>>> print(open('model12.pdb').read())   # PDB, C-alpha atoms and all ligand atoms
ATOM      1  CA  MET H   1       4.178  13.252  -9.065  1.00  0.00           C
ATOM      2  CA  ARG H   2       1.535  10.643  -9.860  1.00  0.00           C
ATOM      3  CA  LEU H   3       1.121   7.653  -7.525  1.00  0.00           C
ATOM      4  CA  ILE H   4      -1.197   4.660  -7.458  1.00  0.00           C
ATOM      5  CA  VAL H   5      -2.271   3.688  -3.940  1.00  0.00           C
ATOM      6  CA  GLY H   6      -3.841   0.292  -3.373  1.00  0.00           C
ATOM      7  CA  ILE H   7      -5.495  -0.730  -0.123  1.00  0.00           C
ATOM      8  CA  SER H   8      -5.989  -4.481   0.165  1.00  0.00           C
ATOM      9  CA  GLY H   9      -7.671  -6.587   2.830  1.00  0.00           C
ATOM     10  CA  ALA H  10      -4.882  -7.153   5.336  1.00  0.00           C
ATOM     11  CA  SER H  11      -5.210  -5.818   8.844  1.00  0.00           C
ATOM     12  CA  GLY H  12      -3.807  -2.297   9.073  1.00  0.00           C
ATOM     13  CA  ALA H  13      -6.388  -0.401   7.041  1.00  0.00           C
ATOM     14  CA  LEU H  14      -5.641   2.575   9.287  1.00  0.00           C
ATOM     15  CA  LEU H  15      -2.143   2.725   7.805  1.00  0.00           C
ATOM     16  CA  GLY H  16      -3.638   3.043   4.331  1.00  0.00           C
ATOM     17  CA  VAL H  17      -5.799   5.901   5.584  1.00  0.00           C
ATOM     18  CA  GLU H  18      -2.772   7.562   7.219  1.00  0.00           C
ATOM     19  CA  LEU H  19      -0.851   7.237   3.962  1.00  0.00           C
ATOM     20  CA  LEU H  20      -3.641   8.914   1.988  1.00  0.00           C
ATOM     21  CA  LYS H  21      -3.916  11.634   4.647  1.00  0.00           C
ATOM     22  CA  THR H  22      -0.184  12.337   4.478  1.00  0.00           C
ATOM     23  CA  LEU H  23      -0.010  12.317   0.670  1.00  0.00           C
ATOM     24  CA  ARG H  24      -2.628  15.089   0.655  1.00  0.00           C
ATOM     25  CA  LEU H  25      -0.026  17.366   2.266  1.00  0.00           C
ATOM     26  CA  PHE H  26       1.981  17.304  -0.961  1.00  0.00           C
ATOM     27  CA  ASP H  27       0.337  19.691  -3.434  1.00  0.00           C
ATOM     28  CA  ASP H  28       1.885  18.201  -6.547  1.00  0.00           C
ATOM     29  CA  CYS H  29       1.070  14.577  -5.722  1.00  0.00           C
ATOM     30  CA  GLU H  30      -1.795  13.077  -7.757  1.00  0.00           C
ATOM     31  CA  VAL H  31      -3.149   9.948  -6.072  1.00  0.00           C
ATOM     32  CA  HIS H  32      -5.018   7.202  -7.937  1.00  0.00           C
ATOM     33  CA  LEU H  33      -6.767   4.964  -5.419  1.00  0.00           C
ATOM     34  CA  ILE H  34      -7.876   1.322  -5.655  1.00  0.00           C
ATOM     35  CA  VAL H  35      -9.567  -0.506  -2.764  1.00  0.00           C
ATOM     36  CA  THR H  36     -10.196  -4.266  -2.814  1.00  0.00           C
ATOM     37  CA  LYS H  37     -13.492  -5.801  -1.699  1.00  0.00           C
ATOM     38  CA  SER H  38     -11.851  -7.247   1.436  1.00  0.00           C
ATOM     39  CA  ALA H  39     -10.320  -3.864   2.238  1.00  0.00           C
ATOM     40  CA  GLU H  40     -13.816  -2.396   2.383  1.00  0.00           C
ATOM     41  CA  VAL H  41     -14.412  -4.871   5.244  1.00  0.00           C
ATOM     42  CA  THR H  42     -11.150  -4.125   7.094  1.00  0.00           C
ATOM     43  CA  LEU H  43     -11.664  -0.377   6.655  1.00  0.00           C
ATOM     44  CA  SER H  44     -15.078  -0.658   8.257  1.00  0.00           C
ATOM     45  CA  VAL H  45     -13.967  -3.040  11.063  1.00  0.00           C
ATOM     46  CA  GLU H  46     -10.699  -1.292  11.920  1.00  0.00           C
ATOM     47  CA  THR H  47     -11.375   2.378  11.185  1.00  0.00           C
ATOM     48  CA  GLY H  48     -15.149   2.741  10.991  1.00  0.00           C
ATOM     49  CA  LYS H  49     -14.656   4.366   7.574  1.00  0.00           C
ATOM     50  CA  SER H  50     -16.763   3.571   4.534  1.00  0.00           C
ATOM     51  CA  LEU H  51     -15.446   3.251   0.995  1.00  0.00           C
ATOM     52  CA  GLU H  52     -16.930   6.689   0.249  1.00  0.00           C
ATOM     53  CA  ASP H  53     -14.965   8.239   3.139  1.00  0.00           C
ATOM     54  CA  VAL H  54     -11.714   6.895   1.726  1.00  0.00           C
ATOM     55  CA  ILE H  55     -12.537   7.774  -1.877  1.00  0.00           C
ATOM     56  CA  ARG H  56     -12.789  11.412  -0.796  1.00  0.00           C
ATOM     57  CA  MET H  57      -9.137  11.292   0.299  1.00  0.00           C
ATOM     58  CA  ALA H  58      -7.767  10.721  -3.220  1.00  0.00           C
ATOM     59  CA  ALA H  59      -7.843  12.771  -6.403  1.00  0.00           C
ATOM     60  CA  TYR H  60      -8.945   9.760  -8.460  1.00  0.00           C
ATOM     61  CA  TYR H  61     -10.643   6.509  -7.510  1.00  0.00           C
ATOM     62  CA  HIS H  62     -10.776   3.409  -9.720  1.00  0.00           C
ATOM     63  CA  PRO H  63     -13.226   0.593  -8.871  1.00  0.00           C
ATOM     64  CA  ILE H  64     -11.482  -2.738  -8.360  1.00  0.00           C
ATOM     65  CA  ASP H  65     -13.334  -4.424 -11.231  1.00  0.00           C
ATOM     66  CA  ARG H  66     -12.744  -1.652 -13.793  1.00  0.00           C
ATOM     67  CA  ILE H  67     -10.020  -3.444 -15.673  1.00  0.00           C
ATOM     68  CA  SER H  68     -10.209  -0.823 -18.467  1.00  0.00           C
ATOM     69  CA  ALA H  69      -9.144   2.020 -16.120  1.00  0.00           C
ATOM     70  CA  VAL H  70      -6.198   4.194 -17.222  1.00  0.00           C
ATOM     71  CA  ILE H  71      -3.906   2.679 -14.581  1.00  0.00           C
ATOM     72  CA  ALA H  72      -4.334  -0.744 -16.214  1.00  0.00           C
ATOM     73  CA  SER H  73      -2.080   0.437 -19.047  1.00  0.00           C
ATOM     74  CA  GLY H  74       1.646   1.102 -19.097  1.00  0.00           C
ATOM     75  CA  THR H  75       0.991   4.017 -21.455  1.00  0.00           C
ATOM     76  CA  PHE H  76      -0.451   5.933 -18.493  1.00  0.00           C
ATOM     77  CA  ILE H  77       2.730   7.218 -16.885  1.00  0.00           C
ATOM     78  CA  THR H  78       3.023   7.031 -13.100  1.00  0.00           C
ATOM     79  CA  ASP H  79       5.851   7.292 -10.608  1.00  0.00           C
ATOM     80  CA  GLY H  80       4.858   3.965  -9.124  1.00  0.00           C
ATOM     81  CA  MET H  81       2.523   2.237  -6.750  1.00  0.00           C
ATOM     82  CA  ILE H  82       2.122   1.671  -3.017  1.00  0.00           C
ATOM     83  CA  ILE H  83       0.009  -1.184  -1.642  1.00  0.00           C
ATOM     84  CA  CYS H  84      -0.677  -0.444   2.022  1.00  0.00           C
ATOM     85  CA  PRO H  85      -1.596  -2.671   3.700  1.00  0.00           C
ATOM     86  CA  CYS H  86      -0.886  -5.589   1.393  1.00  0.00           C
ATOM     87  CA  SER H  87      -2.559  -8.953   2.049  1.00  0.00           C
ATOM     88  CA  MET H  88      -0.821 -12.256   1.484  1.00  0.00           C
ATOM     89  CA  LYS H  89      -3.353 -12.989  -1.251  1.00  0.00           C
ATOM     90  CA  THR H  90      -2.313  -9.822  -3.078  1.00  0.00           C
ATOM     91  CA  VAL H  91       1.376 -10.662  -2.567  1.00  0.00           C
ATOM     92  CA  ALA H  92       0.658 -14.096  -4.112  1.00  0.00           C
ATOM     93  CA  GLY H  93      -1.154 -12.479  -7.031  1.00  0.00           C
ATOM     94  CA  ILE H  94       1.782 -10.178  -7.757  1.00  0.00           C
ATOM     95  CA  ALA H  95       4.333 -12.991  -7.321  1.00  0.00           C
ATOM     96  CA  SER H  96       2.540 -15.159  -9.860  1.00  0.00           C
ATOM     97  CA  GLY H  97       1.444 -12.420 -12.264  1.00  0.00           C
ATOM     98  CA  TYR H  98      -2.193 -13.439 -11.709  1.00  0.00           C
ATOM     99  CA  SER H  99      -3.818 -10.066 -12.338  1.00  0.00           C
ATOM    100  CA  ASP H 100      -7.492 -10.801 -11.830  1.00  0.00           C
ATOM    101  CA  ASN H 101      -8.419  -7.401 -10.443  1.00  0.00           C
ATOM    102  CA  LEU H 102      -7.386  -3.807 -11.157  1.00  0.00           C
ATOM    103  CA  LEU H 103      -5.064  -3.549  -8.159  1.00  0.00           C
ATOM    104  CA  LEU H 104      -3.094  -6.618  -9.245  1.00  0.00           C
ATOM    105  CA  ARG H 105      -3.079  -5.465 -12.866  1.00  0.00           C
ATOM    106  CA  ALA H 106      -1.774  -2.017 -11.884  1.00  0.00           C
ATOM    107  CA  ALA H 107       1.048  -3.618  -9.860  1.00  0.00           C
ATOM    108  CA  ASP H 108       1.836  -5.972 -12.748  1.00  0.00           C
ATOM    109  CA  VAL H 109       1.995  -2.979 -15.110  1.00  0.00           C
ATOM    110  CA  CYS H 110       4.306  -1.023 -12.790  1.00  0.00           C
ATOM    111  CA  LEU H 111       6.656  -4.006 -12.572  1.00  0.00           C
ATOM    112  CA  LYS H 112       6.752  -4.605 -16.327  1.00  0.00           C
ATOM    113  CA  GLU H 113       7.438  -0.899 -16.861  1.00  0.00           C
ATOM    114  CA  LYS H 114      10.168  -1.047 -14.180  1.00  0.00           C
ATOM    115  CA  ARG H 115       8.371   1.492 -11.992  1.00  0.00           C
ATOM    116  CA  LYS H 116       8.503   1.463  -8.203  1.00  0.00           C
ATOM    117  CA  VAL H 117       6.164  -0.885  -6.355  1.00  0.00           C
ATOM    118  CA  ILE H 118       6.146  -0.572  -2.579  1.00  0.00           C
ATOM    119  CA  LEU H 119       4.415  -3.312  -0.597  1.00  0.00           C
ATOM    120  CA  VAL H 120       3.464  -3.013   3.064  1.00  0.00           C
ATOM    121  CA  PRO H 121       2.659  -6.681   3.739  1.00  0.00           C
ATOM    122  CA  ARG H 122       0.894  -7.637   6.941  1.00  0.00           C
ATOM    123  CA  GLU H 123       0.444 -11.118   8.360  1.00  0.00           C
ATOM    124  CA  THR H 124       1.744 -12.904  11.407  1.00  0.00           C
ATOM    125  CA  PRO H 125       3.131 -15.458  11.727  1.00  0.00           C
ATOM    126  CA  LEU H 126       4.371 -15.747   8.156  1.00  0.00           C
ATOM    127  CA  SER H 127       4.181 -19.185   6.513  1.00  0.00           C
ATOM    128  CA  SER H 128       6.897 -20.398   4.186  1.00  0.00           C
ATOM    129  CA  ILE H 129       4.447 -19.761   1.330  1.00  0.00           C
ATOM    130  CA  HIS H 130       4.162 -16.097   2.367  1.00  0.00           C
ATOM    131  CA  LEU H 131       7.936 -15.815   2.768  1.00  0.00           C
ATOM    132  CA  ARG H 132       8.580 -17.429  -0.605  1.00  0.00           C
ATOM    133  CA  ASN H 133       6.124 -15.071  -2.326  1.00  0.00           C
ATOM    134  CA  LEU H 134       7.678 -12.054  -0.569  1.00  0.00           C
ATOM    135  CA  LEU H 135      11.129 -13.145  -1.735  1.00  0.00           C
ATOM    136  CA  THR H 136       9.795 -13.561  -5.275  1.00  0.00           C
ATOM    137  CA  VAL H 137       8.259 -10.081  -5.401  1.00  0.00           C
ATOM    138  CA  SER H 138      11.384  -8.572  -3.876  1.00  0.00           C
ATOM    139  CA  ARG H 139      13.532 -10.245  -6.529  1.00  0.00           C
ATOM    140  CA  GLU H 140      11.141  -8.930  -9.200  1.00  0.00           C
ATOM    141  CA  GLY H 141      11.725  -5.358  -8.012  1.00  0.00           C
ATOM    142  CA  CYS H 142       9.123  -4.678  -5.316  1.00  0.00           C
ATOM    143  CA  ILE H 143      10.310  -2.877  -2.209  1.00  0.00           C
ATOM    144  CA  VAL H 144       8.941  -4.663   0.839  1.00  0.00           C
ATOM    145  CA  ILE H 145       8.283  -2.458   3.876  1.00  0.00           C
ATOM    146  CA  PRO H 146       6.624  -4.511   6.619  1.00  0.00           C
ATOM    147  CA  PRO H 147       4.765  -2.333   9.130  1.00  0.00           C
ATOM    148  CA  VAL H 148       7.153  -2.950  12.003  1.00  0.00           C
ATOM    149  CA  PHE H 149       7.775  -0.705  15.003  1.00  0.00           C
ATOM    150  CA  THR H 150      10.476   1.958  14.867  1.00  0.00           C
ATOM    151  CA  LEU H 151      11.426   2.004  18.549  1.00  0.00           C
ATOM    152  CA  TYR H 152      14.695   3.942  18.479  1.00  0.00           C
ATOM    153  CA  GLN H 153      12.658   7.167  18.388  1.00  0.00           C
ATOM    154  CA  ARG H 154      10.969   6.160  21.691  1.00  0.00           C
ATOM    155  CA  PRO H 155       7.431   6.549  20.320  1.00  0.00           C
ATOM    156  CA  GLU H 156       4.652   7.126  22.829  1.00  0.00           C
ATOM    157  CA  THR H 157       1.596   6.970  20.599  1.00  0.00           C
ATOM    158  CA  LEU H 158       0.160   4.834  17.818  1.00  0.00           C
ATOM    159  CA  GLN H 159       0.271   7.968  15.664  1.00  0.00           C
ATOM    160  CA  GLU H 160       4.052   8.186  16.046  1.00  0.00           C
ATOM    161  CA  LEU H 161       4.434   4.503  15.129  1.00  0.00           C
ATOM    162  CA  MET H 162       2.307   4.975  12.025  1.00  0.00           C
ATOM    163  CA  ASP H 163       4.108   8.194  11.058  1.00  0.00           C
ATOM    164  CA  ALA H 164       7.405   6.286  11.061  1.00  0.00           C
ATOM    165  CA  ILE H 165       6.053   3.628   8.684  1.00  0.00           C
ATOM    166  CA  VAL H 166       4.445   6.175   6.373  1.00  0.00           C
ATOM    167  CA  ALA H 167       7.727   8.148   6.446  1.00  0.00           C
ATOM    168  CA  LYS H 168       9.638   5.052   5.277  1.00  0.00           C
ATOM    169  CA  ILE H 169       7.189   4.616   2.397  1.00  0.00           C
ATOM    170  CA  LEU H 170       7.388   8.285   1.359  1.00  0.00           C
ATOM    171  CA  MET H 171      11.205   8.214   1.464  1.00  0.00           C
ATOM    172  CA  GLN H 172      11.093   5.783  -1.450  1.00  0.00           C
ATOM    173  CA  PHE H 173       9.670   8.607  -3.566  1.00  0.00           C
ATOM    174  CA  GLY H 174      11.917  11.320  -2.164  1.00  0.00           C
ATOM    175  CA  LEU H 175       9.091  12.780  -0.059  1.00  0.00           C
ATOM    176  CA  LYS H 176       9.778  13.973   3.488  1.00  0.00           C
ATOM    177  CA  HIS H 177       7.213  13.200   6.187  1.00  0.00           C
ATOM    178  CA  PRO H 178       6.512  16.421   8.117  1.00  0.00           C
ATOM    179  CA  HIS H 179       6.396  14.704  11.534  1.00  0.00           C
ATOM    180  CA  PHE H 180       9.203  12.163  11.307  1.00  0.00           C
ATOM    181  CA  ARG H 181      12.742  12.862  12.460  1.00  0.00           C
ATOM    182  CA  PRO H 182      15.357  10.733  10.693  1.00  0.00           C
ATOM    183  CA  TRP H 183      18.019   9.124  12.886  1.00  0.00           C
ATOM    184  CA  SER H 184      20.764  11.677  13.472  1.00  0.00           C
ATOM    185  CA  GLY H 185      23.309   9.432  15.145  1.00  0.00           C
ATOM    186  CA  SER H 186      24.128   8.909  18.806  1.00  0.00           C
TER     187      SER H 186
HETATM  188  C1  LIG E   1     -10.560  -8.227   9.813  1.00  0.00           C
HETATM  189  C2  LIG E   1      -9.709  -8.962   8.818  1.00  0.00           C
HETATM  190  C3  LIG E   1      -8.348  -8.936   8.956  1.00  0.00           C
HETATM  191  C4  LIG E   1      -7.526  -9.606   8.047  1.00  0.00           C
HETATM  192  N1  LIG E   1      -6.170  -9.528   8.213  1.00  0.00           N
HETATM  193  C5  LIG E   1      -5.366 -10.067   7.282  1.00  0.00           C
HETATM  194  C6  LIG E   1      -3.959  -9.870   7.381  1.00  0.00           C
HETATM  195  O1  LIG E   1      -3.429  -9.238   8.305  1.00  0.00           O
HETATM  196  N2  LIG E   1      -3.183 -10.363   6.390  1.00  0.00           N
HETATM  197  C7  LIG E   1      -3.709 -11.052   5.320  1.00  0.00           C
HETATM  198  O2  LIG E   1      -2.953 -11.456   4.452  1.00  0.00           O
HETATM  199  N3  LIG E   1      -5.047 -11.251   5.207  1.00  0.00           N
HETATM  200  C8  LIG E   1      -5.890 -10.776   6.152  1.00  0.00           C
HETATM  201  N4  LIG E   1      -7.243 -10.945   6.041  1.00  0.00           N
HETATM  202  C9  LIG E   1      -7.763 -11.803   4.968  1.00  0.00           C
HETATM  203  C10 LIG E   1      -7.864 -11.096   3.613  1.00  0.00           C
HETATM  204  O3  LIG E   1      -8.788 -10.039   3.682  1.00  0.00           O
HETATM  205  C11 LIG E   1      -8.302 -12.133   2.539  1.00  0.00           C
HETATM  206  O4  LIG E   1      -7.285 -13.085   2.334  1.00  0.00           O
HETATM  207  C12 LIG E   1      -8.693 -11.512   1.230  1.00  0.00           C
HETATM  208  O5  LIG E   1      -9.004 -12.522   0.300  1.00  0.00           O
HETATM  209  C13 LIG E   1      -7.609 -10.621   0.671  1.00  0.00           C
HETATM  210  O6  LIG E   1      -8.040 -10.139  -0.580  1.00  0.00           O
HETATM  211  P1  LIG E   1      -7.405  -8.829  -1.251  1.00  0.00           P
HETATM  212  O7  LIG E   1      -5.936  -9.019  -1.275  1.00  0.00           O
HETATM  213  O8  LIG E   1      -8.010  -8.808  -2.630  1.00  0.00           O
HETATM  214  O9  LIG E   1      -7.830  -7.671  -0.424  1.00  0.00           O
HETATM  215  C14 LIG E   1      -8.091 -10.305   6.942  1.00  0.00           C
HETATM  216  C15 LIG E   1      -9.480 -10.308   6.802  1.00  0.00           C
HETATM  217  C16 LIG E   1     -10.284  -9.646   7.715  1.00  0.00           C
HETATM  218  C17 LIG E   1     -11.771  -9.653   7.521  1.00  0.00           C
END
>>> encode(input="model12.pdb", output="structure tokens", more="lines below")
Ligand SMILES: Cc1cc2nc3c(=O)[nH]c(=O)nc-3n(C[C@H](O)[C@H](O)[C@H](O)COP(=O)(O)O)c2cc1C
Amino acid sequence: MRLIVGISGASGALLGVELLKTLRLFDDCEVHLIVTKSAEVTLSVETGKSLEDVIRMAAYYHPIDRISAVIASGTFITDGMIICPCSMKTVAGIASGYSDNLLLRAADVCLKEKRKVILVPRETPLSSIHLRNLLTVSREGCIVIPPVFTLYQRPETLQELMDAIVAKILMQFGLKHPHFRPWSGS
């Protein structure tokens, strides 16, 4: 499996790190990472990690301005893309097809090739502009997974809350999170 992971500058950089950490557990999963300029700031503020720390967590890293990278072309076959977390600016870029950086171009390519694009959008409260853009991207084929609490498992730690969100993302690609128990009925 070959996945593109984008980390953009919404709050929740830790979730992006958790996603990369979890994807490393799957031997046959090749991760291509893109990090926006703003995400470098949120990674530092929220996790204390540098860009170099995060780059080490992926098999391949593509600088945000390298618009000639392989993932900018539909001829480079992937199983899809995850943007976690996804800022409202990046949602707007995808909704309008305004691909002025490699992350937006890669998402645009996945959509035109009808490949999976998972967005983990984070903002609160949401304006009607945000909601309209989220509806647009959903109608265009993106799967929108907001990072909301899964409380029916009675989580006790932040780790459990994050595991549940990462599990929901992985499920979209048929991958099973090792620490998440699906609902088994009551
Ligand atoms: C600490 C911090 C937290 C932020 N949180 C959010 C957020 O939750 N959602 C959002 O849409 N933008 C947030 N922003 C603003 C984005 O980083 C900004 O709009 C940026 O232009 C997004 O660019 P990108 O999508 O290319 O990363 C935050 C910025 C900082 C510095």
>>> closest_atom_pairs(input="model12.pdb", of="range 77-130 of chain H", to="range 143-163 of chain H", cutoff="9 Å", atoms="only C-alpha atoms", output="Markdown table")
| residue | atom | partner | partner_atom | distance |
| --- | --- | --- | --- | --- |
| H:Pro85 | CA | H:Pro147 | CA | 8.4 |
| H:Lys116 | CA | H:Ile143 | CA | 7.6 |
| H:Val117 | CA | H:Ile143 | CA | 6.2 |
| H:Ile118 | CA | H:Ile143 | CA | 4.8 |
| H:Leu119 | CA | H:Val144 | CA | 4.9 |
| H:Val120 | CA | H:Ile145 | CA | 4.9 |
| H:Pro121 | CA | H:Pro146 | CA | 5.4 |
| H:Arg122 | CA | H:Pro146 | CA | 6.5 |
>>> axis_aligned_box(input="model12.pdb", around="range 92-97 of chain H", padding_each_side="5 Å", output="JSON")
{"center_x": 1.6, "center_y": -12.7, "center_z": -8.2, "size_x": 15.5, "size_y": 15.0, "size_z": 18.2}
>>> atom_distance(input="model12.pdb", atom1="CA of Phe173 in chain H", atom2="atom C16 of ligand LIG 1 (chain E)")
29.3 Å
>>> resolve_selection(input="model12.pdb", expression="the PyMOL selection byres (((chain H and resi 24-35) around 8) and not hetatm)", output="PDB file with C-alpha atoms, in the frame of the given file")
ATOM      1  CA  MET H   1       4.178  13.252  -9.065  1.00  0.00           C
ATOM      2  CA  ARG H   2       1.535  10.643  -9.860  1.00  0.00           C
ATOM      3  CA  LEU H   3       1.121   7.653  -7.525  1.00  0.00           C
ATOM      4  CA  ILE H   4      -1.197   4.660  -7.458  1.00  0.00           C
ATOM      5  CA  VAL H   5      -2.271   3.688  -3.940  1.00  0.00           C
ATOM      6  CA  GLY H   6      -3.841   0.292  -3.373  1.00  0.00           C
ATOM      7  CA  ILE H   7      -5.495  -0.730  -0.123  1.00  0.00           C
ATOM      8  CA  SER H   8      -5.989  -4.481   0.165  1.00  0.00           C
ATOM      9  CA  LEU H  20      -3.641   8.914   1.988  1.00  0.00           C
ATOM     10  CA  LYS H  21      -3.916  11.634   4.647  1.00  0.00           C
ATOM     11  CA  THR H  22      -0.184  12.337   4.478  1.00  0.00           C
ATOM     12  CA  LEU H  23      -0.010  12.317   0.670  1.00  0.00           C
ATOM     13  CA  THR H  36     -10.196  -4.266  -2.814  1.00  0.00           C
ATOM     14  CA  LYS H  37     -13.492  -5.801  -1.699  1.00  0.00           C
ATOM     15  CA  ALA H  39     -10.320  -3.864   2.238  1.00  0.00           C
ATOM     16  CA  GLU H  40     -13.816  -2.396   2.383  1.00  0.00           C
ATOM     17  CA  LEU H  51     -15.446   3.251   0.995  1.00  0.00           C
ATOM     18  CA  ILE H  55     -12.537   7.774  -1.877  1.00  0.00           C
ATOM     19  CA  MET H  57      -9.137  11.292   0.299  1.00  0.00           C
ATOM     20  CA  ALA H  58      -7.767  10.721  -3.220  1.00  0.00           C
ATOM     21  CA  ALA H  59      -7.843  12.771  -6.403  1.00  0.00           C
ATOM     22  CA  TYR H  60      -8.945   9.760  -8.460  1.00  0.00           C
ATOM     23  CA  TYR H  61     -10.643   6.509  -7.510  1.00  0.00           C
ATOM     24  CA  HIS H  62     -10.776   3.409  -9.720  1.00  0.00           C
ATOM     25  CA  PRO H  63     -13.226   0.593  -8.871  1.00  0.00           C
ATOM     26  CA  ILE H  64     -11.482  -2.738  -8.360  1.00  0.00           C
ATOM     27  CA  LEU H 102      -7.386  -3.807 -11.157  1.00  0.00           C
ATOM     28  CA  LEU H 103      -5.064  -3.549  -8.159  1.00  0.00           C
TER      29      LEU H 103
END
>>> residues_near_ligand(input="model12.pdb", ligand="ligand LIG 1 (chain E)", cutoff="6 Å", atoms="all atoms listed in the file", output="ChimeraX atom specification")
/H:8-11,36,38-39,41-42,87-90,122-123
>>> resolve_selection(input="model12.pdb", expression="the PyMOL selection byres (((chain H and resi 110) around 10) and not hetatm)", output="PyMOL selection string")
chain H and resi 4+71-74+77-81+104-109+111-117+141-142
>>> atom_distance(input="model12.pdb", atom1="CA of Gly48 in chain H", atom2="CA of Leu170 in chain H")
25.1 Å
>>> resolve_selection(input="model12.pdb", expression="the PyMOL selection byres (((chain H and resi 15) around 8) and not hetatm)", output="list in words")
Gly12, Ala13, Leu14, Gly16, Val17, Glu18, Leu19, Cys84, Pro85, Met162 and Val166 of chain H
>>> write_last_selection(input="model12.pdb", atoms="C-alpha atoms", output="mmCIF file, keeping the file's coordinate frame")
data_model
loop_
_atom_site.group_PDB
_atom_site.id
_atom_site.type_symbol
_atom_site.label_atom_id
_atom_site.label_comp_id
_atom_site.auth_asym_id
_atom_site.auth_seq_id
_atom_site.Cartn_x
_atom_site.Cartn_y
_atom_site.Cartn_z
ATOM 1 C CA GLY H 12 -3.807 -2.297 9.073
ATOM 2 C CA ALA H 13 -6.388 -0.401 7.041
ATOM 3 C CA LEU H 14 -5.641 2.575 9.287
ATOM 4 C CA GLY H 16 -3.638 3.043 4.331
ATOM 5 C CA VAL H 17 -5.799 5.901 5.584
ATOM 6 C CA GLU H 18 -2.772 7.562 7.219
ATOM 7 C CA LEU H 19 -0.851 7.237 3.962
ATOM 8 C CA CYS H 84 -0.677 -0.444 2.022
ATOM 9 C CA PRO H 85 -1.596 -2.671 3.700
ATOM 10 C CA MET H 162 2.307 4.975 12.025
ATOM 11 C CA VAL H 166 4.445 6.175 6.373
#
>>> atom_distance(input="model12.pdb", atom1="CA of Ser68 in chain H", atom2="CA of Val137 in chain H")
24.4 Å
>>> closest_residue(input="model12.pdb", among="H:Thr75, H:Thr136, H:Ser128, H:Thr47", to="Val91 in chain H", atoms="only C-alpha atoms")
H:Thr136
>>> closest_residue(input="model12.pdb", among="H:Val45, H:Ile67, H:Ala167, H:Leu134", to="Ile94 in chain H", atoms="all atoms listed in the file")
H:Leu134
>>> decode(input="model12.pdb", residues="range 132-163 of chain H", atoms="C-alpha atoms", output="PDB file, in the first residue's frame")
ATOM      1  CA  ARG H 132     -19.816  25.156   2.620  1.00  0.00           C
ATOM      2  CA  ASN H 133     -16.258  24.174   1.652  1.00  0.00           C
ATOM      3  CA  LEU H 134     -16.528  20.935   3.663  1.00  0.00           C
ATOM      4  CA  LEU H 135     -19.785  20.097   1.887  1.00  0.00           C
ATOM      5  CA  THR H 136     -18.137  20.827  -1.466  1.00  0.00           C
ATOM      6  CA  VAL H 137     -15.159  18.549  -0.811  1.00  0.00           C
ATOM      7  CA  SER H 138     -17.443  15.831   0.515  1.00  0.00           C
ATOM      8  CA  ARG H 139     -19.559  16.016  -2.638  1.00  0.00           C
ATOM      9  CA  GLU H 140     -16.361  15.832  -4.715  1.00  0.00           C
ATOM     10  CA  GLY H 141     -15.424  12.541  -3.041  1.00  0.00           C
ATOM     11  CA  CYS H 142     -13.391  13.442   0.050  1.00  0.00           C
ATOM     12  CA  ILE H 143     -14.178  11.547   3.227  1.00  0.00           C
ATOM     13  CA  VAL H 144     -14.431  14.013   6.093  1.00  0.00           C
ATOM     14  CA  ILE H 145     -13.425  12.666   9.511  1.00  0.00           C
ATOM     15  CA  PRO H 146     -13.494  15.481  12.072  1.00  0.00           C
ATOM     16  CA  PRO H 147     -11.363  14.703  15.132  1.00  0.00           C
ATOM     17  CA  VAL H 148     -14.272  14.300  17.523  1.00  0.00           C
ATOM     18  CA  PHE H 149     -14.343  12.288  20.743  1.00  0.00           C
ATOM     19  CA  THR H 150     -15.397   8.642  20.693  1.00  0.00           C
ATOM     20  CA  LEU H 151     -16.915   8.433  24.174  1.00  0.00           C
ATOM     21  CA  TYR H 152     -18.810   5.143  23.993  1.00  0.00           C
ATOM     22  CA  GLN H 153     -15.527   3.335  24.706  1.00  0.00           C
ATOM     23  CA  ARG H 154     -15.190   5.301  27.991  1.00  0.00           C
ATOM     24  CA  PRO H 155     -11.691   6.587  27.183  1.00  0.00           C
ATOM     25  CA  GLU H 156      -9.517   7.649  30.098  1.00  0.00           C
ATOM     26  CA  THR H 157      -6.520   9.103  28.296  1.00  0.00           C
ATOM     27  CA  LEU H 158      -5.739  11.438  25.416  1.00  0.00           C
ATOM     28  CA  GLN H 159      -3.946   8.489  23.814  1.00  0.00           C
ATOM     29  CA  GLU H 160      -7.177   6.478  23.722  1.00  0.00           C
ATOM     30  CA  LEU H 161      -9.051   9.414  22.168  1.00  0.00           C
ATOM     31  CA  MET H 162      -6.389   9.797  19.493  1.00  0.00           C
ATOM     32  CA  ASP H 163      -6.245   6.043  18.842  1.00  0.00           C
TER      33      ASP H 163
END
